[in-house]
Amino acid sequence: METAKRIVQVKICGITRLEDALAAVDADADALGFVFHPLSPRYITPAKAAAIISELPPFTTTVGVFVNKLRSEIEQILQTARIQVIQLQGDESPEECADLGRPVIKAFRFNPDLGLADAATCRAQAVLVDSGAGGRYGGTGIALDWTMLDDHLDREMDGLRSRLILAGGLTPENVAEAIRIVQPRGVDVAGGVELEPGIKSHKKIREFIHAVKG
C-alpha cells in the first residue's frame with residue numbers, strides 16, 4: 001500500500017517587517033519566527049513584534065527565539081509580544097525546556113563527532129538542528145552535512161525525525177534535496193529568503209515554500 005506523503009512544515013524566521021510577515025503567510029508558511037536576541041542582525045523588540053503579530057490573520061503560529069535568557073525575561077517578552085511558541089536557541093539544559101507553559105522548540109548544533117545526544121533526553125515538543133558553524137547560535141547561513149545527519153539519525157535516534165526541524169543554509173534551490181535526505185518534520189529558513197539580514201525577498205519566500213510543498 002502506498003504511504004501518504006507527509007507534509008513538511010515551514011517556518012520563516014527573522015521577521016522584522018509586517019509586509020514580510022504577510023507575504024510569508026500568503027505563501028502558506030506555517031510559522032513565523034521573531035528573534036529576541038539583541039546580538040542577532042534580525043533582532044526585533046518585543047513591542048515591534050507585538051505590533052506585527054496584531055496584524056496577522058488568525059491561526060498564524062508565532063515563535064519567539066531566545067538565547068540564554070532568564071525565565072523571567074522570556075515570560076515578560078511572551079506577555080508583551082503575544083508569542084505562542086518558545087524556541088530556545090542557546091545553551092539551555094534539557095530541564096529548562098520543561099514547564100514553560102507553551103510548546104518549546106529546542107535548537108541543537110549538530111557535531112558529527114558528538115552527534116545529538118542531548119536531543120534524546122530533551123522534553124521539548126520539537127528539536128531544531130542547525131550547523132552552528134563558527135560557534136554561533138544559528139543564523140550562519142551555512143548548511144550542515146545532511147547525509148551525515150541522516151546516517152546519525154538512522155544509527156542513534158530515528159524516532160527523532162517526527163519532531164525534527166531542519167535549519168542551516170537552506171535555500172529555495174537546495175531545500176527539496178535536504179528534505180529528501182533527512183526527512184524532517186519541518187524546515188526553518190531566515191537568510192535563504194533574504195535580500196539582507198531581516199529584510200525578506202517575497203519572491204524567495206514563495207519559491208522556498210513551493211519547493212517544500214509544491
# chains A, B, ... in the order shown; residues from 1 in each chain; ligands from 1
$ closest_atom_pairs --of "segment 4-90 of chain A" --to "segment 99-109 of chain A" --cutoff "8 Å" --atoms "only C-alpha atoms" --output "CSV"
residue,atom,partner,partner_atom,distance
A:Gln84,CA,A:Arg102,CA,6.7
A:Val85,CA,A:Pro103,CA,5.2
A:Ile86,CA,A:Val104,CA,4.8
A:Gln87,CA,A:Ile105,CA,4.5
A:Leu88,CA,A:Lys106,CA,5.0
A:Gln89,CA,A:Ala107,CA,4.9
A:Gly90,CA,A:Ala107,CA,7.3
$ select_by_dssp --residues "segment 80-161 of chain A" --states "alpha helix (DSSP H)" --output "PyMOL selection string"
chain A and resi 80-81+117-121+146-156
$ residues_around --residues "Ile179 of chain A" --least-positions-apart "5" --cutoff "9 Å" --atoms "only C-alpha atoms" --output "ChimeraX atom specification"
/A:8,146,166,174,184-187,212
$ atom_distance --atom1 "atom CA of Val129 of chain A" --atom2 "atom CA of Ile83 of chain A"
21.5 Å
$ residues_around --residues "segment 148-155 of chain A" --least-positions-apart "3" --cutoff "12 Å" --atoms "only C-alpha atoms" --output "JSON, numbers by chain"
{"A": [109, 110, 111, 112, 113, 114, 115, 116, 117, 119, 120, 129, 130, 131, 143, 144, 145, 158, 159, 160, 161, 162, 164, 166, 167, 178, 179, 180, 181, 182, 183, 184]}
$ decode --residues "segment 108-119 of chain A" --atoms "N, CA and C atoms" --output "PDB file, in the first residue's frame"
ATOM      1  N   PHE A 108      19.677  22.596  18.550  1.00  0.00           N
ATOM      2  CA  PHE A 108      20.942  21.920  18.792  1.00  0.00           C
ATOM      3  C   PHE A 108      21.850  22.120  17.586  1.00  0.00           C
ATOM      4  N   ARG A 109      23.128  22.317  17.855  1.00  0.00           N
ATOM      5  CA  ARG A 109      24.115  22.412  16.788  1.00  0.00           C
ATOM      6  C   ARG A 109      24.692  21.024  16.547  1.00  0.00           C
ATOM      7  N   PHE A 110      24.549  20.538  15.323  1.00  0.00           N
ATOM      8  CA  PHE A 110      24.982  19.174  15.024  1.00  0.00           C
ATOM      9  C   PHE A 110      26.492  19.108  14.894  1.00  0.00           C
ATOM     10  N   ASN A 111      27.082  18.259  15.709  1.00  0.00           N
ATOM     11  CA  ASN A 111      28.514  17.988  15.658  1.00  0.00           C
ATOM     12  C   ASN A 111      28.695  16.542  15.215  1.00  0.00           C
ATOM     13  N   PRO A 112      29.297  16.309  14.050  1.00  0.00           N
ATOM     14  CA  PRO A 112      29.428  14.929  13.555  1.00  0.00           C
ATOM     15  C   PRO A 112      30.135  14.002  14.534  1.00  0.00           C
ATOM     16  N   ASP A 113      31.022  14.553  15.370  1.00  0.00           N
ATOM     17  CA  ASP A 113      31.756  13.716  16.322  1.00  0.00           C
ATOM     18  C   ASP A 113      30.946  13.418  17.573  1.00  0.00           C
ATOM     19  N   LEU A 114      30.130  14.395  18.006  1.00  0.00           N
ATOM     20  CA  LEU A 114      29.363  14.236  19.243  1.00  0.00           C
ATOM     21  C   LEU A 114      27.919  13.831  19.010  1.00  0.00           C
ATOM     22  N   GLY A 115      27.433  14.055  17.793  1.00  0.00           N
ATOM     23  CA  GLY A 115      26.058  13.686  17.484  1.00  0.00           C
ATOM     24  C   GLY A 115      25.046  14.624  18.117  1.00  0.00           C
ATOM     25  N   LEU A 116      23.936  14.050  18.554  1.00  0.00           N
ATOM     26  CA  LEU A 116      22.838  14.829  19.145  1.00  0.00           C
ATOM     27  C   LEU A 116      22.365  14.179  20.445  1.00  0.00           C
ATOM     28  N   ALA A 117      23.316  13.791  21.272  1.00  0.00           N
ATOM     29  CA  ALA A 117      22.979  13.028  22.472  1.00  0.00           C
ATOM     30  C   ALA A 117      21.981  13.770  23.362  1.00  0.00           C
ATOM     31  N   ASP A 118      22.161  15.065  23.538  1.00  0.00           N
ATOM     32  CA  ASP A 118      21.269  15.817  24.426  1.00  0.00           C
ATOM     33  C   ASP A 118      19.850  15.896  23.875  1.00  0.00           C
ATOM     34  N   ALA A 119      19.710  15.789  22.570  1.00  0.00           N
ATOM     35  CA  ALA A 119      18.378  15.888  21.971  1.00  0.00           C
ATOM     36  C   ALA A 119      17.488  14.727  22.396  1.00  0.00           C
TER      37      ALA A 119
END
